[in-house]
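S.K.: Let me give you the structure first, and then I'll get to my questions.
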Amino acid sequence: MYKFFYILLFLSTNVFASDLGITGVIDTPSARMQNDGTLKITFSHQDIANITNITYQATPWFETTFRYAYGSSYNYKDRSFAAKITLLKESELKPNIAIGIQDILGTGVFSSEYIVASKKIKNIDISLGLGWGNLAGNNKIKNPLLNVNDSFLDRNKESNTGGRYGGKLRASSFFRGPMVGIFGGIKYTIPNTNFKLLAEYNTDSFQGGGVNPDSSPLSYGIEWNGSPDLNLNFTHQQGNLGFSFSTILDTKAPPPKRKIKPFISSSDNRNYFTAPETLNFNNWYDRLLYDVEQSGLYLRSAKILPNKKAIIEFSNLRYNLAADAINRVLTLSQIHLPSDINNIDLILNESGFNVMTVSYFRGNSNRNFVRNDSYNKIEIHKPSRTYNPSNFTKRVVPYTHINANLAARFQLFDPDNPAKHQIFLRIDSVTSISQHWNLIGSYALDIDNDFDLNRPPNSNLEHVRTDINKYLVYGSSGLESLYLEKKSTYNEKIHYRAYAGVLETMYSGLGIEVLYQPFMSRIAVGGTINKVIKRDYSRNLRLLDYKTTTGFLSLYYASPLYNYDFALHIGKYLAKDKGATFEIRRTFDNGFSVGAFATFTNVSASDFGEGSFDKGLFFKIPFDTFTQYNNKGFYSTIIRSLQRDGGQKLDDYTGRLWFDLRGVRYDSFINNKKRMIPK
């Protein structure tokens, strides 16, 4: 997780965030929103608490926040969610108006609702709002909703805390209570500087945190946006000094410009290099193979048909954007294919799956590189195969690739330690046994580790996940995984993967996942079944007694709205509970992905424990954005408010195929046709 924050610090731009993560003044919200796709991290320190916020602008009109608050004078180590929606956009005469809810699923410590208006007049940005719940602590008036219905009067404690065990939607308390507070704030931008002056009247008395119930509602401060890397606020609030800083990542940024690493081509003067003995550079396929592999691609096979069409199958090993890989193969094919070839069909094999065919009309009059006006020369077709290829690449098998990298794992929001960590050397190996079979292994060599067993699991369920610290203590260095895997495409609509061995840190077993995805369809169906047994805590090849079988039916929908993808997994989980997991993710052409999930099973809230049900956030950040050359790697993480045993599955082996192939779906290809054109 520290890697995640580190990346954000070096991509940030000027932002304005309240201490509670929402776009606002100091503590109070405003009706402002960030730019669509903005991922914002805010750290604040004040007398109330130390607060960490992760805020994502999910759409141009919808802002979401995950919050963790703790501190020596604070009675809670609290996790909560917030959301804000734009109701009216600002114009010359009208203000921006937004409505929001704090602590939607949390303990209720920050529970409040509000409606707020913001208006900018030259260098002054003014916000004024009505607040319910905690925001009705000062300067109160009668709740105007009581004029609509008397049911808005009652705001009892039980409904305000999201259930006995927290984590439940506290909808029965939204906008309820006898009184509301009037809050407001102002920001003044000092001309020709990077400074803003801040002042606000905050109607939250912070009695939920048990500190400073009689503190002044007036706060003021200064905001500095002098660096593109950092936004700093220095404030005086609740009678004490405070500060905060924010940093953002633009997940919606266009993909980086195409990166081409120069190399000596097979078409260059032979004095510059020695040709491999296995290649015949008088043969067009061998010349193409040499240049394609130097470009970070794998040429699998080719065939020339009598109708002057070439069919080429290849795999993308290096390019984050599949369109760049296609562009590279087409560009090199222009150079090396016989001059009488008029049409080229490229079959993209993505990690063992035939996912798409790209047809390019080369023409017969001009063999020079084409211009951008040949957009229509690219067509996207359903996946196909090269039957009886006339040329194919022979690779010596078994072929083993070994890689070693520093890696880290984090455990966030523990009640005793907000961020436990392990730094380790991760040694990965992939041994190709055949075209579709691979032996995959990973070993962790511990470097620094502060995981402990001070808080034993208190779950009423089988400890299918809450035993994780035992593996990280007793097996601080150990086998991460060692399994045999087959990936293949059965036909143009069905992809599958089968695997057996040591699958992950806690489980060994075997399983299969199947994905049915018709060409051009935004709807897909998948199925997964896994038979697993719990591993020994030392992370060797020994096993424990606990066994179970998990199985899921998965439904997927790729929405055209804001690039959102939805998934529903229905089935049986590791603790033998049954239920469903709902996922929503937003993915961009640049490879960034942000999402959330929630799981509901037949485990009661009392058996599940704190949090009531499993939920969390998902982040995927491509390395290609930060490197000089093409890089297909990425950093991904799942953030849970806390780890429990209910609703747990093998995350890398349940409903993974559809999301793994997200970048090579038809809707992704059709949006990047211009980027594929060779030039």
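Lettering and numbering for the structure tokens are positional, with chains as A, B, ... in the shown order, residues counted from 1 in each chain, and ligands counted from 1 in the shown order.
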Taking only region 359-519 of chain A into account, list the residues labelled helix (DSSP H, G or I) by DSSP (computed from the backbone), as an MDAnalysis selection string.

M.R.: chainID A and resid 372:377 468:474

S.K.: Would you mind exporting the chosen residues as a tab-separated table (two decimals), in the first residue's frame, restricted to N, CA, C and O atoms?

M.R.:
chain	number	residue	atom	x	y	z
A	372	ASN	N	-3.05	8.93	-41.11
A	372	ASN	CA	-4.15	8.79	-40.16
A	372	ASN	C	-5.51	8.72	-40.84
A	372	ASN	O	-6.49	8.32	-40.22
A	373	ASP	N	-5.60	9.11	-42.13
A	373	ASP	CA	-6.89	9.08	-42.80
A	373	ASP	C	-7.29	7.67	-43.21
A	373	ASP	O	-8.33	7.47	-43.82
A	374	SER	N	-6.48	6.65	-42.91
A	374	SER	CA	-6.83	5.27	-43.26
A	374	SER	C	-7.45	4.54	-42.08
A	374	SER	O	-7.26	3.35	-41.89
A	375	TYR	N	-8.24	5.28	-41.30
A	375	TYR	CA	-8.93	4.71	-40.15
A	375	TYR	C	-9.80	3.52	-40.56
A	375	TYR	O	-9.87	2.51	-39.86
A	376	ASN	N	-10.44	3.62	-41.71
A	376	ASN	CA	-11.35	2.57	-42.15
A	376	ASN	C	-10.63	1.33	-42.66
A	376	ASN	O	-11.28	0.35	-43.00
A	377	LYS	N	-9.31	1.36	-42.72
A	377	LYS	CA	-8.56	0.19	-43.14
A	377	LYS	C	-8.45	-0.84	-42.02
A	377	LYS	O	-7.95	-1.94	-42.24
A	468	ILE	N	-4.39	-15.30	8.67
A	468	ILE	CA	-3.34	-14.87	7.75
A	468	ILE	C	-2.07	-14.47	8.48
A	468	ILE	O	-0.95	-14.73	8.00
A	469	ASN	N	-2.18	-13.86	9.67
A	469	ASN	CA	-0.98	-13.44	10.39
A	469	ASN	C	-0.11	-14.62	10.81
A	469	ASN	O	1.11	-14.49	10.93
A	470	LYS	N	-0.70	-15.77	11.05
A	470	LYS	CA	0.09	-16.96	11.38
A	470	LYS	C	1.01	-17.33	10.22
A	470	LYS	O	2.16	-17.74	10.42
A	471	TYR	N	0.50	-17.18	9.00
A	471	TYR	CA	1.31	-17.49	7.82
A	471	TYR	C	2.43	-16.47	7.64
A	471	TYR	O	3.52	-16.81	7.18
A	472	LEU	N	2.16	-15.22	8.01
A	472	LEU	CA	3.15	-14.16	7.81
A	472	LEU	C	4.16	-14.09	8.95
A	472	LEU	O	5.17	-13.40	8.83
A	473	VAL	N	3.88	-14.79	10.05
A	473	VAL	CA	4.82	-14.86	11.17
A	473	VAL	C	5.60	-16.18	11.12
A	473	VAL	O	6.83	-16.19	11.04
A	474	TYR	N	4.89	-17.30	11.14
A	474	TYR	CA	5.56	-18.61	11.11
A	474	TYR	C	6.16	-18.91	9.73
A	474	TYR	O	7.13	-19.66	9.63

S.K.: Show me, as an mmCIF file with C-alpha atoms, in the first residue's frame, the residues that have an atom within 7 Å of Val25 (chain A) when counting only C-alpha atoms, minus same-chain residues fewer than 5 positions from it.

M.R.:
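File produced: result.cif:
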data_model
loop_
_atom_site.group_PDB
_atom_site.id
_atom_site.type_symbol
_atom_site.label_atom_id
_atom_site.label_comp_id
_atom_site.auth_asym_id
_atom_site.auth_seq_id
_atom_site.Cartn_x
_atom_site.Cartn_y
_atom_site.Cartn_z
ATOM 1 C CA ALA A 17 -9.924 18.835 0.026
ATOM 2 C CA SER A 18 -11.472 19.147 3.432
ATOM 3 C CA SER A 30 -18.743 22.526 -0.355
ATOM 4 C CA GLY A 185 -17.266 28.653 4.450
ATOM 5 C CA LEU A 198 -9.891 29.914 4.381
#

S.K.: At a cut-off of 9 Å, using only C-alpha atoms, what residues contact region 554-564 of chain A? Leave out same-chain residues fewer than 3 positions from it and give the result as a list in words.

M.R.: Ala58, Thr59, Leu515, Ser521, Arg522, Ile523, Ala524, Val525, Gly526, Gly527, Thr528, Ala567, Leu568, His569, Ile570, Gly571, Ile584, Arg585, Arg586, Thr587, Phe588, Gly595, Thr654, Gly655, Trp658 and Asp667 of chain A

S.K.: Just the strand (DSSP E) stuff from region 173-325 of chain A, please, per backbone DSSP, written as an MDAnalysis selection string.

M.R.: chainID A and resid 179:189 195:201 218:227 230:237 240:250 297:305 309:316

S.K.: Show me, as a short mmCIF file (atom, residue, chain, number, x, y, z; two decimals) with C-alpha atoms, in the first residue's frame, the residues that have an atom within 12 Å of Val532 (chain A) when counting only C-alpha atoms, minus same-chain residues fewer than 6 positions from it.

M.R.:
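See selection00.cif below for the written result:
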data_model
loop_
_atom_site.label_atom_id
_atom_site.label_comp_id
_atom_site.auth_asym_id
_atom_site.auth_seq_id
_atom_site.Cartn_x
_atom_site.Cartn_y
_atom_site.Cartn_z
CA VAL A 464 -10.36 -19.11 6.48
CA TYR A 499 -4.94 -25.10 -12.32
CA ALA A 500 -3.65 -27.38 -9.57
CA GLY A 501 -1.03 -27.04 -6.82
CA VAL A 502 -0.14 -24.45 -4.20
CA LEU A 503 -2.48 -21.70 -5.30
CA GLU A 504 -1.83 -18.90 -2.78
CA MET A 506 -3.22 -19.98 2.58
CA TYR A 507 -4.54 -22.65 0.20
CA SER A 508 -3.53 -25.48 -2.08
CA GLY A 509 -5.97 -27.21 -4.38
CA LEU A 510 -7.27 -27.46 -7.91
CA GLY A 511 -9.97 -25.76 -9.93
CA ILE A 512 -11.25 -24.50 -13.24
CA LEU A 543 -1.27 -29.24 4.64
CA LEU A 544 -3.76 -28.81 7.50
CA ASP A 545 -7.07 -30.56 8.02
CA TYR A 546 -9.53 -27.94 6.75
CA LYS A 547 -10.96 -28.72 3.31
CA THR A 548 -13.79 -27.20 1.32
CA THR A 549 -15.15 -26.77 -2.18
CA THR A 550 -16.13 -23.34 -3.45
CA GLY A 551 -18.15 -22.67 -6.58
CA TYR A 573 -17.38 -19.30 -0.05
CA LEU A 574 -14.34 -20.59 1.84
CA ALA A 575 -16.08 -20.68 5.23
CA LYS A 576 -18.84 -22.77 3.59
CA LYS A 649 -13.05 -16.52 -1.75
CA LEU A 650 -9.88 -17.26 -3.67
CA TYR A 653 -9.27 -17.80 -8.89
#

S.K.: Counting only C-alpha atoms, which residues in region 35-97 of chain A sit no more than 12 Å from region 610-620 of chain A? For each one, give the nearest pair of atoms and the distance in Å, sorted by chain then residue number, as CSV.

M.R.:
residue,atom,partner,partner_atom,distance
A:Leu39,CA,A:Phe619,CA,10.1
A:Ile54,CA,A:Leu617,CA,9.9
A:Thr55,CA,A:Leu617,CA,11.1
A:Tyr56,CA,A:Leu617,CA,10.7
A:Thr64,CA,A:Leu617,CA,11.3
A:Thr65,CA,A:Leu617,CA,10.6
A:Phe66,CA,A:Leu617,CA,8.7
A:Arg67,CA,A:Leu617,CA,11.8
A:Asp78,CA,A:Gly611,CA,11.1
A:Arg79,CA,A:Gly611,CA,9.5
A:Ser80,CA,A:Gly611,CA,10.3
A:Phe81,CA,A:Gly616,CA,10.5

S.K.: Taking 6 positions as the minimum chain separation for residues in the same chain, which residues sit within 9 Å of region 276-281 of chain A when counting only C-alpha atoms? Answer as a PyMOL selection string.

M.R.: chain A and resi 266-267+287+289-290

S.K.: Take the residues from that selection and write them out as a tab-separated table (two decimals), in the first residue's frame, keeping all heavy atoms.

M.R.:
chain	number	residue	atom	x	y	z
A	266	SER	N	16.35	-6.46	-38.61
A	266	SER	CA	16.85	-7.48	-39.55
A	266	SER	C	17.00	-6.91	-40.95
A	266	SER	O	17.63	-7.54	-41.82
A	266	SER	CB	15.89	-8.67	-39.58
A	266	SER	OG	14.59	-8.26	-39.98
A	267	SER	N	16.42	-5.73	-41.20
A	267	SER	CA	16.57	-5.08	-42.50
A	267	SER	C	17.81	-4.20	-42.57
A	267	SER	O	18.14	-3.68	-43.64
A	267	SER	CB	15.33	-4.24	-42.81
A	267	SER	OG	14.18	-5.04	-42.86
A	287	ARG	N	12.72	-12.82	-40.63
A	287	ARG	CA	13.03	-11.40	-40.43
A	287	ARG	C	11.98	-10.74	-39.54
A	287	ARG	O	12.29	-9.97	-38.64
A	287	ARG	CB	13.10	-10.68	-41.78
A	287	ARG	CG	14.24	-11.13	-42.69
A	287	ARG	CD	14.50	-10.13	-43.81
A	287	ARG	NE	13.31	-9.88	-44.61
A	287	ARG	CZ	12.95	-10.58	-45.69
A	287	ARG	NH1	13.71	-11.62	-46.07
A	287	ARG	NH2	11.87	-10.28	-46.37
A	289	LEU	N	10.04	-12.27	-37.37
A	289	LEU	CA	10.18	-12.85	-36.04
A	289	LEU	C	11.27	-12.13	-35.25
A	289	LEU	O	11.08	-11.79	-34.07
A	289	LEU	CB	10.52	-14.34	-36.16
A	289	LEU	CG	10.93	-15.06	-34.88
A	289	LEU	CD1	9.80	-15.05	-33.87
A	289	LEU	CD2	11.37	-16.49	-35.19
A	290	TYR	N	12.40	-11.87	-35.89
A	290	TYR	CA	13.52	-11.20	-35.21
A	290	TYR	C	13.12	-9.81	-34.73
A	290	TYR	O	13.37	-9.43	-33.58
A	290	TYR	CB	14.70	-11.11	-36.18
A	290	TYR	CG	15.95	-10.53	-35.58
A	290	TYR	CD1	16.81	-11.31	-34.82
A	290	TYR	CD2	16.29	-9.19	-35.79
A	290	TYR	CE1	17.96	-10.78	-34.27
A	290	TYR	CE2	17.44	-8.65	-35.25
A	290	TYR	CZ	18.28	-9.45	-34.48
A	290	TYR	OH	19.42	-8.92	-33.93

S.K.: Pick out the closest residue to Asn327 (chain A) from this set: A:Ser265, A:Ser359, A:Asn354, A:Thr42. Count only C-alpha atoms.

M.R.: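 Once distances to Asn327 (chain A) are computed over only C-alpha atoms, the minimum belongs to A:Ser359.
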
S.K.: Please identify all polymer residues within 7 Å of region 478-490 of chain A, counting only C-alpha atoms, omitting same-chain residues fewer than 3 positions from it, and present them as an mmCIF file with N, CA, C and O atoms, in the first residue's frame.

M.R.:
data_model
loop_
_atom_site.group_PDB
_atom_site.id
_atom_site.type_symbol
_atom_site.label_atom_id
_atom_site.label_comp_id
_atom_site.auth_asym_id
_atom_site.auth_seq_id
_atom_site.Cartn_x
_atom_site.Cartn_y
_atom_site.Cartn_z
ATOM 1 N N GLY A 352 -2.464 -16.758 -23.660
ATOM 2 C CA GLY A 352 -2.962 -18.089 -23.975
ATOM 3 C C GLY A 352 -4.370 -18.121 -24.525
ATOM 4 O O GLY A 352 -4.854 -19.178 -24.938
ATOM 5 N N PHE A 353 -5.057 -16.977 -24.548
ATOM 6 C CA PHE A 353 -6.430 -16.905 -25.050
ATOM 7 C C PHE A 353 -6.461 -16.163 -26.384
ATOM 8 O O PHE A 353 -5.898 -15.072 -26.505
ATOM 9 N N ASN A 354 -7.151 -16.724 -27.369
ATOM 10 C CA ASN A 354 -7.378 -16.018 -28.624
ATOM 11 C C ASN A 354 -8.562 -15.077 -28.426
ATOM 12 O O ASN A 354 -9.708 -15.536 -28.287
ATOM 13 N N HIS A 436 0.084 -24.194 -24.167
ATOM 14 C CA HIS A 436 -0.977 -23.807 -23.253
ATOM 15 C C HIS A 436 -0.694 -24.137 -21.790
ATOM 16 O O HIS A 436 -1.406 -23.669 -20.910
ATOM 17 N N TRP A 437 0.314 -24.943 -21.513
ATOM 18 C CA TRP A 437 0.597 -25.378 -20.144
ATOM 19 C C TRP A 437 1.819 -24.660 -19.583
ATOM 20 O O TRP A 437 2.852 -24.560 -20.252
ATOM 21 N N ASN A 438 1.675 -24.166 -18.332
ATOM 22 C CA ASN A 438 2.781 -23.502 -17.647
ATOM 23 C C ASN A 438 2.852 -23.972 -16.203
ATOM 24 O O ASN A 438 1.817 -24.252 -15.570
ATOM 25 N N LEU A 439 4.072 -24.061 -15.688
ATOM 26 C CA LEU A 439 4.300 -24.309 -14.269
ATOM 27 C C LEU A 439 4.732 -22.984 -13.661
ATOM 28 O O LEU A 439 5.768 -22.422 -14.041
ATOM 29 N N ILE A 440 3.944 -22.482 -12.714
ATOM 30 C CA ILE A 440 4.141 -21.141 -12.172
ATOM 31 C C ILE A 440 4.486 -21.251 -10.686
ATOM 32 O O ILE A 440 3.824 -21.979 -9.937
ATOM 33 N N GLY A 441 5.522 -20.550 -10.278
ATOM 34 C CA GLY A 441 5.928 -20.605 -8.880
ATOM 35 C C GLY A 441 6.385 -19.262 -8.365
ATOM 36 O O GLY A 441 6.809 -18.390 -9.130
ATOM 37 N N SER A 442 6.301 -19.079 -7.045
ATOM 38 C CA SER A 442 6.742 -17.838 -6.422
ATOM 39 C C SER A 442 7.201 -18.143 -5.006
ATOM 40 O O SER A 442 6.538 -18.890 -4.271
ATOM 41 N N TYR A 443 8.331 -17.551 -4.620
ATOM 42 C CA TYR A 443 8.880 -17.753 -3.273
ATOM 43 C C TYR A 443 9.164 -16.393 -2.655
ATOM 44 O O TYR A 443 9.685 -15.480 -3.319
ATOM 45 N N ALA A 444 8.813 -16.228 -1.374
ATOM 46 C CA ALA A 444 9.024 -14.970 -0.655
ATOM 47 C C ALA A 444 10.170 -15.130 0.329
ATOM 48 O O ALA A 444 10.174 -16.057 1.146
ATOM 49 N N LEU A 445 11.137 -14.227 0.251
ATOM 50 C CA LEU A 445 12.276 -14.210 1.165
ATOM 51 C C LEU A 445 12.153 -12.953 2.021
ATOM 52 O O LEU A 445 12.310 -11.834 1.537
ATOM 53 N N GLY A 475 5.587 -18.330 8.688
ATOM 54 C CA GLY A 475 6.101 -18.546 7.336
ATOM 55 C C GLY A 475 6.514 -17.246 6.693
ATOM 56 O O GLY A 475 6.183 -16.987 5.530
ATOM 57 N N ILE A 494 -15.755 -19.113 -25.818
ATOM 58 C CA ILE A 494 -15.470 -19.751 -24.539
ATOM 59 C C ILE A 494 -13.970 -19.785 -24.270
ATOM 60 O O ILE A 494 -13.194 -20.319 -25.072
ATOM 61 N N HIS A 495 -13.577 -19.200 -23.140
ATOM 62 C CA HIS A 495 -12.201 -19.255 -22.659
ATOM 63 C C HIS A 495 -12.194 -19.993 -21.322
ATOM 64 O O HIS A 495 -13.173 -19.928 -20.568
ATOM 65 N N TYR A 496 -11.089 -20.639 -21.008
ATOM 66 C CA TYR A 496 -11.031 -21.329 -19.725
ATOM 67 C C TYR A 496 -9.603 -21.400 -19.213
ATOM 68 O O TYR A 496 -8.634 -21.271 -19.971
ATOM 69 N N ARG A 497 -9.479 -21.602 -17.906
ATOM 70 C CA ARG A 497 -8.193 -21.846 -17.266
ATOM 71 C C ARG A 497 -8.389 -22.930 -16.207
ATOM 72 O O ARG A 497 -9.385 -22.936 -15.474
ATOM 73 N N ALA A 498 -7.442 -23.864 -16.159
ATOM 74 C CA ALA A 498 -7.457 -24.933 -15.163
ATOM 75 C C ALA A 498 -6.129 -24.897 -14.423
ATOM 76 O O ALA A 498 -5.086 -24.558 -15.005
ATOM 77 N N TYR A 499 -6.134 -25.256 -13.139
ATOM 78 C CA TYR A 499 -4.935 -25.104 -12.322
ATOM 79 C C TYR A 499 -4.963 -26.105 -11.180
ATOM 80 O O TYR A 499 -6.037 -26.543 -10.722
ATOM 81 N N ALA A 500 -3.765 -26.450 -10.693
ATOM 82 C CA ALA A 500 -3.650 -27.380 -9.572
ATOM 83 C C ALA A 500 -2.296 -27.194 -8.916
ATOM 84 O O ALA A 500 -1.281 -27.027 -9.600
ATOM 85 N N GLY A 501 -2.281 -27.186 -7.564
ATOM 86 C CA GLY A 501 -1.030 -27.042 -6.825
ATOM 87 C C GLY A 501 -1.199 -26.114 -5.645
ATOM 88 O O GLY A 501 -2.289 -25.962 -5.091
ATOM 89 N N VAL A 502 -0.106 -25.472 -5.256
ATOM 90 C CA VAL A 502 -0.135 -24.454 -4.197
ATOM 91 C C VAL A 502 -0.621 -23.159 -4.843
ATOM 92 O O VAL A 502 0.116 -22.499 -5.576
ATOM 93 N N LEU A 503 -1.854 -22.782 -4.557
ATOM 94 C CA LEU A 503 -2.484 -21.697 -5.301
ATOM 95 C C LEU A 503 -2.180 -20.316 -4.728
ATOM 96 O O LEU A 503 -2.076 -19.348 -5.479
ATOM 97 N N GLU A 504 -2.047 -20.216 -3.396
ATOM 98 C CA GLU A 504 -1.830 -18.905 -2.777
ATOM 99 C C GLU A 504 -1.275 -19.106 -1.374
ATOM 100 O O GLU A 504 -0.975 -20.224 -0.962
ATOM 101 N N THR A 505 -1.157 -18.009 -0.629
ATOM 102 C CA THR A 505 -0.534 -18.051 0.693
ATOM 103 C C THR A 505 -1.193 -19.064 1.619
ATOM 104 O O THR A 505 -0.507 -19.800 2.341
ATOM 105 N N SER A 538 3.722 -22.680 8.076
ATOM 106 C CA SER A 538 5.116 -22.433 7.690
ATOM 107 C C SER A 538 5.273 -22.177 6.198
ATOM 108 O O SER A 538 6.379 -21.906 5.730
ATOM 109 N N ARG A 539 4.202 -22.293 5.464
ATOM 110 C CA ARG A 539 4.194 -22.061 4.010
ATOM 111 C C ARG A 539 5.171 -22.984 3.281
ATOM 112 O O ARG A 539 5.921 -22.558 2.408
ATOM 113 N N ASN A 540 5.127 -24.227 3.656
ATOM 114 C CA ASN A 540 5.865 -25.246 2.925
ATOM 115 C C ASN A 540 4.838 -26.070 2.152
ATOM 116 O O ASN A 540 3.758 -25.575 1.834
#

S.K.: So what do you get for CA of Ser641 (chain A) versus CA of Phe597 (chain A), distance-wise?

M.R.: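 Taking CA of Ser641 (chain A) as the start and CA of Phe597 (chain A) as the end point, the length is 12.0 Å.
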
S.K.: Would you mind telling me which residue in A:Ile304, A:Ala404, A:Ala98, A:Ala253 lies nearest to Leu128 (chain A) when using only C-alpha atoms?

M.R.: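 Of all the options, A:Ala98 lies closest to Leu128 (chain A).
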
S.K.: What is the CA of Met520 (chain A) to CA of Leu330 (chain A) distance in Å?

M.R.: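 The value is 22.9 Å.
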
S.K.: May I ask for the distance between CA of Ala82 (chain A) and CA of Glu583 (chain A), given in Å to one decimal place?

M.R.: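 CA of Ala82 (chain A) sits 18.1 Å away from CA of Glu583 (chain A).
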